[in-house]
Structure formats: structure tokens, C-alpha cells
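Dumped data03.cif below, it's mmCIF, C-alpha atoms and all ligand atoms:
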```cif
data_work
loop_
_atom_site.group_PDB
_atom_site.id
_atom_site.type_symbol
_atom_site.label_atom_id
_atom_site.label_comp_id
_atom_site.auth_asym_id
_atom_site.auth_seq_id
_atom_site.Cartn_x
_atom_site.Cartn_y
_atom_site.Cartn_z
ATOM 1 C CA MET A 1 7.323 83.990 -15.306
ATOM 2 C CA ALA A 2 4.542 83.222 -17.697
ATOM 3 C CA LYS A 3 6.797 80.836 -19.517
ATOM 4 C CA LYS A 4 7.802 79.233 -16.286
ATOM 5 C CA ARG A 5 4.159 78.937 -15.242
ATOM 6 C CA ARG A 6 3.242 77.384 -18.594
ATOM 7 C CA ARG A 7 6.128 75.011 -18.234
ATOM 8 C CA LYS A 8 4.772 74.057 -14.839
ATOM 9 C CA TYR A 9 1.358 73.285 -16.397
ATOM 10 C CA ARG A 10 3.033 71.314 -19.167
ATOM 11 C CA VAL A 11 4.947 69.228 -16.621
ATOM 12 C CA LYS A 12 1.929 68.428 -14.443
ATOM 13 C CA PRO A 13 -0.110 66.312 -16.963
ATOM 14 C CA ARG A 14 3.032 64.299 -17.775
ATOM 15 C CA PHE A 15 3.556 63.798 -14.089
ATOM 16 C CA PHE A 16 -0.026 62.549 -13.694
ATOM 17 C CA ILE A 17 0.375 60.226 -16.670
ATOM 18 C CA ILE A 18 3.521 58.739 -15.121
ATOM 19 C CA ILE A 19 1.741 58.336 -11.752
ATOM 20 C CA ALA A 20 -1.255 56.758 -13.501
ATOM 21 C CA VAL A 21 0.972 54.328 -15.435
ATOM 22 C CA LEU A 22 2.832 53.474 -12.235
ATOM 23 C CA LEU A 23 -0.458 52.917 -10.402
ATOM 24 C CA ILE A 24 -1.792 50.629 -13.141
ATOM 25 C CA ALA A 25 1.510 48.759 -13.150
ATOM 26 C CA MET A 26 1.333 48.400 -9.364
ATOM 27 C CA ILE A 27 -2.269 47.162 -9.483
ATOM 28 C CA LEU A 28 -1.384 44.613 -12.166
ATOM 29 C CA PHE A 29 1.638 43.517 -10.154
ATOM 30 C CA VAL A 30 -0.408 43.124 -6.941
ATOM 31 C CA LYS A 31 -3.057 41.162 -8.886
ATOM 32 C CA LEU A 32 -0.331 38.908 -10.291
ATOM 33 C CA VAL A 33 1.152 38.323 -6.827
ATOM 34 C CA ILE A 34 -2.298 37.530 -5.402
ATOM 35 C CA SER A 35 -3.030 35.032 -8.172
ATOM 36 C CA VAL A 36 0.377 33.330 -7.821
ATOM 37 C CA VAL A 37 0.131 33.109 -4.010
ATOM 38 C CA GLY A 38 -3.502 31.975 -4.308
ATOM 39 C CA GLY A 39 -2.443 29.256 -6.722
ATOM 40 C CA LEU A 40 0.266 28.068 -4.372
ATOM 41 C CA MET A 41 -2.150 28.049 -1.431
ATOM 42 C CA GLU A 42 -4.664 26.069 -3.476
ATOM 43 C CA LYS A 43 -1.977 23.509 -4.255
ATOM 44 C CA GLU A 44 -1.057 23.323 -0.566
ATOM 45 C CA SER A 45 -4.663 22.829 0.487
ATOM 46 C CA THR A 46 -5.034 19.704 -1.683
ATOM 47 C CA PRO A 47 -4.049 16.633 0.381
ATOM 48 C CA SER A 48 -0.396 15.839 -0.183
ATOM 49 C CA VAL A 49 0.868 12.310 0.304
ATOM 50 C CA THR A 50 3.795 11.855 2.630
ATOM 51 C CA PRO A 51 5.597 8.809 1.299
ATOM 52 C CA ASN A 52 6.869 6.259 3.779
ATOM 53 C CA ASN A 53 9.418 3.513 3.177
ATOM 54 C CA LEU A 54 6.928 0.669 3.382
ATOM 55 C CA VAL A 55 6.104 -1.661 0.502
ATOM 56 C CA ILE A 56 2.812 -3.551 0.511
ATOM 57 C CA ALA A 57 2.341 -6.520 -1.832
ATOM 58 C CA ILE A 58 -1.255 -6.943 -2.965
ATOM 59 C CA ASP A 59 -2.104 -10.469 -4.073
ATOM 60 C CA SER A 60 -5.416 -10.703 -5.904
ATOM 61 C CA GLY A 61 -6.519 -14.328 -5.741
ATOM 62 C CA HIS A 62 -7.106 -16.389 -8.918
ATOM 63 C CA ASP A 63 -7.345 -14.930 -12.438
ATOM 64 C CA SER A 64 -9.629 -14.421 -15.428
ATOM 65 C CA GLN A 65 -8.331 -17.526 -17.234
ATOM 66 C CA ALA A 66 -8.123 -21.114 -15.984
ATOM 67 C CA ASP A 67 -8.417 -20.455 -12.245
ATOM 68 C CA LYS A 68 -11.362 -18.126 -11.717
ATOM 69 C CA GLY A 69 -11.852 -19.132 -8.078
ATOM 70 C CA ALA A 70 -15.318 -19.455 -6.571
ATOM 71 C CA VAL A 71 -18.247 -18.979 -8.958
ATOM 72 C CA ALA A 72 -21.577 -17.486 -7.937
ATOM 73 C CA PRO A 73 -24.929 -17.536 -9.722
ATOM 74 C CA GLY A 74 -25.251 -14.710 -12.250
ATOM 75 C CA GLY A 75 -21.757 -15.183 -13.672
ATOM 76 C CA ILE A 76 -19.857 -13.485 -10.873
ATOM 77 C CA ASN A 77 -16.420 -15.031 -10.494
ATOM 78 C CA GLU A 78 -14.235 -14.681 -7.430
ATOM 79 C CA PHE A 79 -11.332 -13.057 -9.303
ATOM 80 C CA MET A 80 -13.645 -10.138 -10.275
ATOM 81 C CA LEU A 81 -14.493 -9.350 -6.654
ATOM 82 C CA ASN A 82 -10.868 -9.904 -5.597
ATOM 83 C CA ASP A 83 -9.636 -7.469 -8.264
ATOM 84 C CA ALA A 84 -12.244 -4.861 -7.312
ATOM 85 C CA VAL A 85 -11.221 -4.886 -3.632
ATOM 86 C CA CYS A 86 -7.519 -4.979 -4.576
ATOM 87 C CA LYS A 87 -7.856 -1.963 -6.902
ATOM 88 C CA ALA A 88 -9.603 0.019 -4.164
ATOM 89 C CA LEU A 89 -6.972 -1.118 -1.650
ATOM 90 C CA LYS A 90 -4.140 -0.095 -3.966
ATOM 91 C CA GLU A 91 -5.614 3.403 -4.372
ATOM 92 C CA GLU A 92 -6.187 3.713 -0.621
ATOM 93 C CA LEU A 93 -2.613 2.639 0.205
ATOM 94 C CA LEU A 94 -1.018 4.892 -2.437
ATOM 95 C CA ASN A 95 -3.019 7.822 -1.015
ATOM 96 C CA ARG A 96 -1.562 7.016 2.400
ATOM 97 C CA GLY A 97 2.041 7.049 1.160
ATOM 98 C CA TYR A 98 2.738 3.326 0.820
ATOM 99 C CA THR A 99 4.445 1.768 -2.174
ATOM 100 C CA VAL A 100 2.366 -1.017 -3.720
ATOM 101 C CA ILE A 101 3.454 -4.018 -5.753
ATOM 102 C CA GLU A 102 1.137 -6.619 -7.329
ATOM 103 C CA THR A 103 1.739 -10.376 -7.567
ATOM 104 C CA ARG A 104 -0.703 -10.400 -10.503
ATOM 105 C CA LYS A 105 -1.422 -7.266 -12.523
ATOM 106 C CA LEU A 106 -4.827 -6.039 -11.381
ATOM 107 C CA GLY A 107 -7.599 -5.916 -13.966
ATOM 108 C CA SER A 108 -5.518 -7.791 -16.528
ATOM 109 C CA SER A 109 -5.902 -11.262 -18.026
ATOM 110 C CA GLU A 110 -2.522 -12.202 -16.593
ATOM 111 C CA GLN A 111 -2.206 -15.664 -15.045
ATOM 112 C CA LYS A 112 0.112 -16.232 -12.101
ATOM 113 C CA SER A 113 0.608 -19.587 -10.427
ATOM 114 C CA LEU A 114 1.132 -19.744 -6.675
ATOM 115 C CA ASN A 115 4.773 -20.654 -7.293
ATOM 116 C CA GLU A 116 5.244 -17.532 -9.431
ATOM 117 C CA ARG A 117 3.525 -15.343 -6.833
ATOM 118 C CA VAL A 118 5.792 -16.754 -4.126
ATOM 119 C CA ARG A 119 8.849 -16.088 -6.304
ATOM 120 C CA ILE A 120 7.809 -12.443 -6.848
ATOM 121 C CA LEU A 121 7.340 -11.987 -3.100
ATOM 122 C CA ASN A 122 10.639 -13.619 -2.210
ATOM 123 C CA GLU A 123 12.520 -11.460 -4.711
ATOM 124 C CA SER A 124 10.862 -8.121 -3.936
ATOM 125 C CA TRP A 125 10.997 -8.225 -0.119
ATOM 126 C CA PRO A 126 7.763 -6.310 0.620
ATOM 127 C CA ASP A 127 7.129 -5.224 4.215
ATOM 128 C CA LEU A 128 3.722 -6.869 4.121
ATOM 129 C CA LEU A 129 1.646 -9.202 1.964
ATOM 130 C CA ILE A 130 -2.131 -8.837 1.781
ATOM 131 C CA SER A 131 -3.813 -11.598 -0.196
ATOM 132 C CA ILE A 132 -7.456 -10.956 -1.076
ATOM 133 C CA HIS A 133 -10.016 -13.730 -1.620
ATOM 134 C CA HIS A 134 -13.755 -14.361 -1.314
ATOM 135 C CA ASN A 135 -15.136 -17.461 0.342
ATOM 136 C CA ALA A 136 -17.576 -20.233 -0.587
ATOM 137 C CA ASN A 137 -19.403 -22.860 1.444
ATOM 138 C CA GLU A 138 -21.857 -25.694 0.777
ATOM 139 C CA ASP A 139 -24.078 -24.176 3.445
ATOM 140 C CA ALA A 140 -25.576 -21.028 1.854
ATOM 141 C CA SER A 141 -26.365 -19.548 5.271
ATOM 142 C CA VAL A 142 -22.668 -19.207 6.191
ATOM 143 C CA LYS A 143 -21.481 -15.588 5.962
ATOM 144 C CA GLY A 144 -18.838 -13.186 7.265
ATOM 145 C CA PHE A 145 -15.179 -12.319 6.752
ATOM 146 C CA THR A 146 -12.161 -14.313 7.951
ATOM 147 C CA ILE A 147 -8.495 -13.422 8.235
ATOM 148 C CA ILE A 148 -5.952 -16.182 7.771
ATOM 149 C CA TYR A 149 -2.376 -16.425 8.954
ATOM 150 C CA ASN A 150 -0.113 -19.470 8.821
ATOM 151 C CA ASP A 151 2.116 -20.657 11.659
ATOM 152 C CA LYS A 152 3.838 -23.150 9.304
ATOM 153 C CA LYS A 153 6.144 -20.551 7.786
ATOM 154 C CA THR A 154 9.116 -22.110 5.999
ATOM 155 C CA ASP A 155 12.422 -21.724 7.858
ATOM 156 C CA ALA A 156 14.402 -22.082 4.599
ATOM 157 C CA TYR A 157 15.157 -18.343 4.686
ATOM 158 C CA ASP A 158 16.084 -18.065 8.358
ATOM 159 C CA GLY A 159 19.377 -16.289 8.792
ATOM 160 C CA GLN A 160 21.186 -12.971 8.734
ATOM 161 C CA TYR A 161 20.512 -10.547 5.901
ATOM 162 C CA VAL A 162 21.962 -7.220 4.875
ATOM 163 C CA LYS A 163 20.074 -4.294 3.345
ATOM 164 C CA TYR A 164 22.550 -2.542 1.101
ATOM 165 C CA ASN A 165 22.311 -0.395 -2.058
ATOM 166 C CA SER A 166 18.489 -0.710 -2.062
ATOM 167 C CA GLY A 167 18.753 -4.516 -2.182
ATOM 168 C CA VAL A 168 18.456 -7.264 0.424
ATOM 169 C CA TYR A 169 21.040 -10.034 0.440
ATOM 170 C CA LYS A 170 21.832 -13.100 2.475
ATOM 171 C CA MET A 171 24.862 -12.397 4.610
ATOM 172 C CA ILE A 172 27.768 -14.834 4.322
ATOM 173 C CA LYS A 173 30.358 -13.566 6.783
ATOM 174 C CA GLU A 174 32.276 -10.611 8.179
ATOM 175 C CA GLU A 175 36.014 -10.919 7.601
ATOM 176 C CA ASN A 176 38.976 -8.500 7.582
ATOM 177 C CA GLY A 177 36.693 -5.467 7.912
ATOM 178 C CA ARG A 178 34.540 -6.544 4.971
ATOM 179 C CA LEU A 179 31.011 -7.900 4.808
ATOM 180 C CA PHE A 180 30.481 -10.756 2.328
ATOM 181 C CA TYR A 181 27.003 -11.339 0.902
ATOM 182 C CA GLN A 182 25.258 -13.454 -1.728
ATOM 183 C CA ASP A 183 23.967 -11.552 -4.787
ATOM 184 C CA GLY A 184 22.273 -14.192 -6.928
ATOM 185 C CA THR A 185 24.999 -16.708 -7.734
ATOM 186 C CA LYS A 186 27.804 -14.217 -7.042
ATOM 187 C CA GLU A 187 29.596 -13.634 -3.763
ATOM 188 C CA LYS A 188 30.226 -9.914 -3.230
ATOM 189 C CA SER A 189 31.610 -7.795 -0.409
ATOM 190 C CA PHE A 190 31.969 -4.217 0.783
ATOM 191 C CA ASP A 191 34.122 -2.331 3.286
ATOM 192 C CA LEU A 192 32.256 -2.129 6.601
ATOM 193 C CA GLU A 193 33.846 1.110 7.815
ATOM 194 C CA LYS A 194 33.518 3.038 4.544
ATOM 195 C CA ASN A 195 29.869 2.010 4.162
ATOM 196 C CA ALA A 196 28.921 2.329 7.829
ATOM 197 C CA SER A 197 25.823 4.439 7.104
ATOM 198 C CA LYS A 198 24.751 2.556 3.986
ATOM 199 C CA PHE A 199 23.798 -0.883 5.261
ATOM 200 C CA GLN A 200 21.653 -2.553 7.856
ATOM 201 C CA ILE A 201 21.911 -6.115 9.147
ATOM 202 C CA PHE A 202 18.800 -7.926 10.321
ATOM 203 C CA ASP A 203 17.757 -11.415 11.378
ATOM 204 C CA LEU A 204 15.014 -13.159 9.478
ATOM 205 C CA THR A 205 13.278 -15.930 11.372
ATOM 206 C CA SER A 206 10.176 -17.876 10.465
ATOM 207 C CA VAL A 207 9.070 -17.592 14.107
ATOM 208 C CA GLY A 208 9.312 -13.795 13.922
ATOM 209 C CA LEU A 209 7.414 -13.644 10.634
ATOM 210 C CA VAL A 210 4.585 -15.791 12.063
ATOM 211 C CA ALA A 211 4.291 -13.566 15.151
ATOM 212 C CA GLU A 212 4.170 -10.420 13.000
ATOM 213 C CA SER A 213 1.636 -11.971 10.616
ATOM 214 C CA LYS A 214 -0.611 -12.789 13.584
ATOM 215 C CA ALA A 215 -0.268 -9.171 14.782
ATOM 216 C CA VAL A 216 -1.353 -7.920 11.335
ATOM 217 C CA ALA A 217 -4.321 -10.328 11.372
ATOM 218 C CA ASP A 218 -5.392 -9.000 14.794
ATOM 219 C CA ASN A 219 -5.217 -5.398 13.547
ATOM 220 C CA LEU A 220 -7.241 -6.243 10.432
ATOM 221 C CA TYR A 221 -9.807 -8.066 12.574
ATOM 222 C CA ALA A 222 -10.265 -4.915 14.685
ATOM 223 C CA SER A 223 -10.581 -2.560 11.720
ATOM 224 C CA MET A 224 -12.786 -4.863 9.610
ATOM 225 C CA SER A 225 -15.122 -5.478 12.553
ATOM 226 C CA THR A 226 -16.303 -1.873 12.135
ATOM 227 C CA LEU A 227 -17.750 -2.651 8.666
ATOM 228 C CA GLU A 228 -21.529 -2.349 8.427
ATOM 229 C CA PHE A 229 -22.318 -4.697 5.551
ATOM 230 C CA VAL A 230 -20.179 -7.683 6.548
ATOM 231 C CA LYS A 231 -19.499 -9.077 10.010
ATOM 232 C CA PRO A 232 -16.869 -11.504 11.340
ATOM 233 C CA LEU A 233 -17.559 -15.167 10.465
ATOM 234 C CA SER A 234 -17.958 -15.997 14.143
ATOM 235 C CA GLU A 235 -18.680 -14.038 17.295
ATOM 236 C CA LYS A 236 -15.511 -15.632 18.631
ATOM 237 C CA LYS A 237 -12.362 -13.918 17.412
ATOM 238 C CA GLU A 238 -10.393 -17.202 17.372
ATOM 239 C CA ASN A 239 -12.873 -18.554 14.814
ATOM 240 C CA THR A 240 -12.517 -15.498 12.577
ATOM 241 C CA VAL A 241 -8.736 -14.990 12.772
ATOM 242 C CA ILE A 242 -7.674 -18.483 11.794
ATOM 243 C CA ASN A 243 -4.463 -20.400 11.300
ATOM 244 C CA GLN A 244 -4.412 -22.248 7.980
ATOM 245 C CA ASN A 245 -1.503 -23.859 6.159
ATOM 246 C CA LEU A 246 -1.747 -21.991 2.835
ATOM 247 C CA GLN A 247 1.110 -22.235 0.336
ATOM 248 C CA ILE A 248 1.553 -18.524 -0.325
ATOM 249 C CA LEU A 249 1.685 -17.711 3.385
ATOM 250 C CA ARG A 250 3.970 -20.677 4.087
ATOM 251 C CA GLN A 251 6.516 -20.232 1.307
ATOM 252 C CA ALA A 252 6.857 -16.449 1.128
ATOM 253 C CA HIS A 253 9.432 -15.115 3.585
ATOM 254 C CA VAL A 254 7.289 -12.078 4.321
ATOM 255 C CA VAL A 255 4.867 -10.928 6.981
ATOM 256 C CA GLY A 256 1.534 -11.757 5.393
ATOM 257 C CA VAL A 257 -2.132 -12.592 5.778
ATOM 258 C CA MET A 258 -5.036 -13.577 3.578
ATOM 259 C CA VAL A 259 -8.373 -11.818 3.868
ATOM 260 C CA GLU A 260 -11.510 -13.722 2.852
ATOM 261 C CA CYS A 261 -13.822 -10.727 2.450
ATOM 262 C CA GLY A 262 -17.088 -12.672 2.740
ATOM 263 C CA PHE A 263 -19.110 -15.576 1.325
ATOM 264 C CA MET A 264 -20.144 -15.576 -2.313
ATOM 265 C CA THR A 265 -22.412 -18.547 -1.601
ATOM 266 C CA ASN A 266 -24.614 -16.434 0.668
ATOM 267 C CA GLU A 267 -27.010 -14.597 -1.639
ATOM 268 C CA ALA A 268 -27.528 -11.530 0.545
ATOM 269 C CA GLU A 269 -23.828 -11.208 1.343
ATOM 270 C CA LEU A 270 -22.851 -11.641 -2.326
ATOM 271 C CA GLU A 271 -25.049 -8.670 -3.231
ATOM 272 C CA GLN A 272 -23.231 -6.569 -0.622
ATOM 273 C CA LEU A 273 -19.793 -7.831 -1.734
ATOM 274 C CA ASN A 274 -20.573 -6.993 -5.359
ATOM 275 C CA ASN A 275 -21.157 -3.323 -4.504
ATOM 276 C CA ALA A 276 -18.449 -0.761 -5.376
ATOM 277 C CA ASP A 277 -19.027 1.379 -2.256
ATOM 278 C CA ASN A 278 -18.759 -1.676 -0.020
ATOM 279 C CA GLN A 279 -15.602 -2.806 -1.812
ATOM 280 C CA LYS A 280 -14.096 0.626 -1.090
ATOM 281 C CA ALA A 281 -15.207 0.369 2.551
ATOM 282 C CA THR A 282 -13.465 -3.031 2.842
ATOM 283 C CA ALA A 283 -10.313 -1.574 1.269
ATOM 284 C CA LYS A 284 -10.382 1.381 3.681
ATOM 285 C CA ALA A 285 -10.844 -0.924 6.686
ATOM 286 C CA ILE A 286 -7.902 -3.095 5.563
ATOM 287 C CA ALA A 287 -5.761 0.039 5.077
ATOM 288 C CA ASP A 288 -6.770 1.253 8.559
ATOM 289 C CA GLY A 289 -5.635 -2.095 9.998
ATOM 290 C CA ILE A 290 -2.324 -1.842 8.107
ATOM 291 C CA ASP A 291 -1.817 1.714 9.426
ATOM 292 C CA ALA A 292 -2.551 0.566 12.986
ATOM 293 C CA TYR A 293 -0.049 -2.312 12.700
ATOM 294 C CA PHE A 294 2.788 -0.096 11.407
ATOM 295 C CA LYS A 295 1.974 2.700 13.878
ATOM 296 C CA ALA A 296 2.272 0.213 16.744
ATOM 297 C CA LYS A 297 5.695 -0.729 15.384
ATOM 298 C CA GLU A 298 6.536 2.996 15.063
ATOM 299 C CA LYS A 299 7.285 2.583 11.360
ATOM 300 C CA ILE A 300 4.875 5.344 10.331
HETATM 301 ZN ZN ZN B 401 -9.984 -17.781 -3.476
#
```
Go through the file and emit its structure as C-alpha cells.
Amino acid sequence: MAKKRRRKYRVKPRFFIIIAVLLIAMILFVKLVISVVGGLMEKESTPSVTPNNLVIAIDSGHDSQADKGAVAPGGINEFMLNDAVCKALKEELLNRGYTVIETRKLGSSEQKSLNERVRILNESWPDLLISIHHNANEDASVKGFTIIYNDKKTDAYDGQYVKYNSGVYKMIKEENGRLFYQDGTKEKSFDLEKNASKFQIFDLTSVGLVAESKAVADNLYASMSTLEFVKPLSEKKENTVINQNLQILRQAHVVGVMVECGFMTNEAELEQLNNADNQKATAKAIADGIDAYFKAKEKI
């Protein structure tokens, strides 16, 4: 009995040690789980971008080389202000899930002629072009932003197109169950039935592009009118959203507008335009207008 009793006492400490080890292991395990779950929750609480399928082309006017654009006293060149707004706009749009392309690399010394910019746009098929400029006038009292569209859009691209294999091609014809399209200089085709879910045919018309560009301009006018530091050029909307025959808007077969963010020749306005917070506010307002346009079209 004594032996048995002693054995019992010998077993008990071991038992407690095992329980203690198990408890410590459990505590460590629970701590690990809490830290892992906490980490995941932290990641989830940071804003995640939901990408959409929309591509925005940002066109920063002029460059740091031969064509600096408008020049203001104190050595401020237009391209600097254009680049600053464009950089802020790019960040804002990426944060909202858009894909962004640039007709001229922002912040670089790259030079891009209007012809080259048009070529980039016509080859990359963005859903929208936003060209950013700053204005100048002989009359230093003139101030305010303007938004330009162009109703003289070239009809050279009017026709039927097919979106297929992440490219856009001019459609040639449908024949014997195949769709023929132009890929560069080559004529290619695919089986319509086998690829039923992989392509989309759409009509491109200059008239349609002009109407959409005007709709974008109206949305930008509404969102930019909320800015504190810069007001519309005129109290009349038709004098702020203006139709002007600009090459880039005429020759690019895209929905597009140009924003003149304000007047560099107005001393007080220039000071506001040359302010990083205001540049971000302009970018945010433009992005809000873009959102509103695509929401109305139920694309986002
Ligand atoms: Zn300009």
C-alpha cells in the first residue's frame, strides 16, 4: 500500500508538469492565433483598391525642353504645374482602381509632340483622355478654370471594331462563320461560334465620341466648381465649358477633354495653383468628375 501510495505521489508531480506544459503550449498557441488573426484584420482594415476595367490617359501639356508652355514671373513654367496636377491625378485614379497611361512620362525630361501623343492614344484605346494645362492671358485680371471639348472630332476612325484577345481591331467582315479583322497590316480572322464569349463588337462614331466628351466636361465642371481656391472662368457655364478645335481632341479617337486649371498670368491665382495641397484638391475634383461620369454610364 505504501508503495502504491508513494507511486501515486510520484505520478502526481509528473502529471502537473504535463498539464503545465500543455497549458503553456495552449497559451502560446492562442497568442499566435490572436496575432495572426489580428494581422489579417489589420490588412483588411487598410483601404483595398477594387480594380475596374477602365483606362484613363493622362496628358500633361508641354515639356521641360523646347515647349515649356506658358511662363510666369519667378521662373514657373506651365509644364511644372501640369506635371504636378497630373502626378496627383494619377495617384488619385490608381487609388480608385483605374488603370492610368501617360502620353508623356510625368516628371521626366521626355519630349512628346502632339502627333506622337495622338499616336499613343490611338494605339492604346483608353476609355478617357484627360489633358491638363494652365492658362495665360494678356489681361492679368482674368482668372478661373475652363474645360474644353471639341466637336470637330475626326471621322477617319468611324466604323465597326472588335475587342478580342485584349486588343481592339477594325472589323473587316463576317463571312462563313468567321470574323475578319485588321491587325496592323495583316488581315486575321477567328471562328465566331468557338469564340462567342471572347469578343465584343462596337461602333465607333465621331458623333458619339463628341457627345461623350461633352458629358465628361459637364461632370468635371460640376465637380471642379466645388473647389475653394479656383472658380469657373465665367459665371455662365457655357463660357467655362467651351468648344475649341484642339488637335489632340480632334485627332484622337477617344472620349477626351482638356482642363485648363487656372490662369498663370493672374498673380493671386498663380500662387494658389503653385500650391501642392491645391494641386491635390484639383486632382481629387477631376477624379470625382470622372467617377460621376462612369457611374452614370454604369461602368463602375
Ligand atoms: Zn498649355
Using only C-alpha atoms and all ligand atoms, find each residue with an atom at most 7 Å away from ligand ZN 401 (chain B) and format the answer as a short mmCIF file (atom, residue, chain, number, x, y, z; two decimals) with C-alpha atoms, in the frame of the given file.
```cif
data_model
loop_
_atom_site.label_atom_id
_atom_site.label_comp_id
_atom_site.auth_asym_id
_atom_site.auth_seq_id
_atom_site.Cartn_x
_atom_site.Cartn_y
_atom_site.Cartn_z
CA GLY A 61 -6.52 -14.33 -5.74
CA HIS A 62 -7.11 -16.39 -8.92
CA GLY A 69 -11.85 -19.13 -8.08
CA ALA A 70 -15.32 -19.45 -6.57
CA GLU A 78 -14.24 -14.68 -7.43
CA HIS A 133 -10.02 -13.73 -1.62
CA HIS A 134 -13.76 -14.36 -1.31
CA ASN A 135 -15.14 -17.46 0.34
#
```
Interatomic distance (Å, one decimal) between CA of Ser206 (chain A) and CA of Asn82 (chain A):
27.6 Å
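Near Met224 (chain A), within a cut-off of 7 Å and counting all atoms listed in the file, sit the residues Leu220, Tyr221, Leu227, Ala285 and Ile286 of chain A, with same-chain residues fewer than 3 positions away left out.
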Have a look at CA of Thr50 (chain A) and CA of Tyr169 (chain A) and let me know their distance in Å, one decimal.
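Separation of CA of Thr50 (chain A) and CA of Tyr169 (chain A): 28.0 Å.
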Which one of A:Glu267, A:Pro51, A:Lys112, A:Lys31 sits closest to Lys68 (chain A) if you count all atoms listed in the file?
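Smallest distance to Lys68 (chain A) is found for A:Lys112.
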Kindly give the distance, in Å, that separates CA of Ile120 (chain A) and CA of Glu260 (chain A), rounded to a single decimal.
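Between CA of Ile120 (chain A) and CA of Glu260 (chain A) the gap is 21.7 Å.
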So which residues get picked by the PyMOL selection byres (((chain A and resi 263) around 7) and not hetatm) here, written as a ChimeraX atom specification?
/A:134-136,143-144,262,264-266,269-270
May I ask which of the residues A:Cys86, A:Asp277, A:Phe145, A:Lys194 is the closest one to Ala217 (chain A), counting all atoms listed in the file?
A:Phe145
Considering all atoms listed in the file, state which residue in the set A:Ser60, A:Thr154, A:Asn95, A:Thr185 is at the smallest distance from Gly107 (chain A).
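Counting all atoms listed in the file, the residue closest to Gly107 (chain A) is A:Ser60.
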With only C-alpha atoms as the basis for distance, which of A:Lys297, A:Lys105, A:Lys284, A:Lys87 is at the shortest distance from Ser64 (chain A)?
A:Lys105
Within 10 Å of region 155-168 of chain A using only C-alpha atoms, minus same-chain residues under 3 positions, as a PyMOL selection string
chain A and resi 122-125+152+171-173+179-183+190+195+197-209+250-253
For the provided coordinates, the residues matched by the PyMOL selection byres (((chain A and resi 149) around 6) and not hetatm) should be stated as a ChimeraX atom specification.
/A:148,150,243,257
Smallest atom-to-atom distance to Leu89 (chain A): which of A:Glu212, A:Asp59, A:Asp139, A:Glu116, using only C-alpha atoms?
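With only C-alpha atoms as the atom set, the closest residue is A:Asp59.
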From the list A:Val259, A:Ile56, A:Val230, A:Val71, which residue is nearest Phe294 (chain A) when using all atoms listed in the file?
A:Ile56
Neighbouring residues of Glu175 (chain A) were defined as those with any atom within 10 Å, considering all atoms listed in the file; residues of the same chain fewer than 6 positions away were excluded. Please report them as a list of chain:residue names.
A:Ser189, A:Asp191, A:Leu192
Nearby residues (all atoms listed in the file) at most 8 Å from Asn115 (chain A), same-chain spacing under 3 positions excluded, as a list in words
Val118, Arg119 and Ile248 of chain A
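For the structure shown here, the set of residues caught by the PyMOL selection byres (((chain A and resi 237) around 10) and not hetatm) is Thr146, Ile147, Asp218, Tyr221, Ala222, Pro232, Leu233, Ser234, Glu235, Lys236, Glu238, Asn239, Thr240, Val241 and Ile242 of chain A.
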I need the residues from that last selection saved to file as a JSON list (two decimals), keeping the file's coordinate frame (with C-alpha atoms), if you can.
```
[["chain", "number", "residue", "atom", "x", "y", "z"],
["A", 146, "THR", "CA", -12.16, -14.31, 7.95],
["A", 147, "ILE", "CA", -8.49, -13.42, 8.24],
["A", 218, "ASP", "CA", -5.39, -9.00, 14.79],
["A", 221, "TYR", "CA", -9.81, -8.07, 12.57],
["A", 222, "ALA", "CA", -10.26, -4.92, 14.68],
["A", 232, "PRO", "CA", -16.87, -11.50, 11.34],
["A", 233, "LEU", "CA", -17.56, -15.17, 10.46],
["A", 234, "SER", "CA", -17.96, -16.00, 14.14],
["A", 235, "GLU", "CA", -18.68, -14.04, 17.30],
["A", 236, "LYS", "CA", -15.51, -15.63, 18.63],
["A", 238, "GLU", "CA", -10.39, -17.20, 17.37],
["A", 239, "ASN", "CA", -12.87, -18.55, 14.81],
["A", 240, "THR", "CA", -12.52, -15.50, 12.58],
["A", 241, "VAL", "CA", -8.74, -14.99, 12.77],
["A", 242, "ILE", "CA", -7.67, -18.48, 11.79]]
```
Kindly compute an axis-aligned box around the listed atoms of region 196-207 of chain A, allowing 6 Å on each side, and express its centre and edge lengths in Å to one decimal as AutoDock Vina command-line options.
```
--center_x 19.0 --center_y -6.7 --center_z 9.0 --size_x 31.9 --size_y 34.3 --size_z 22.1
```
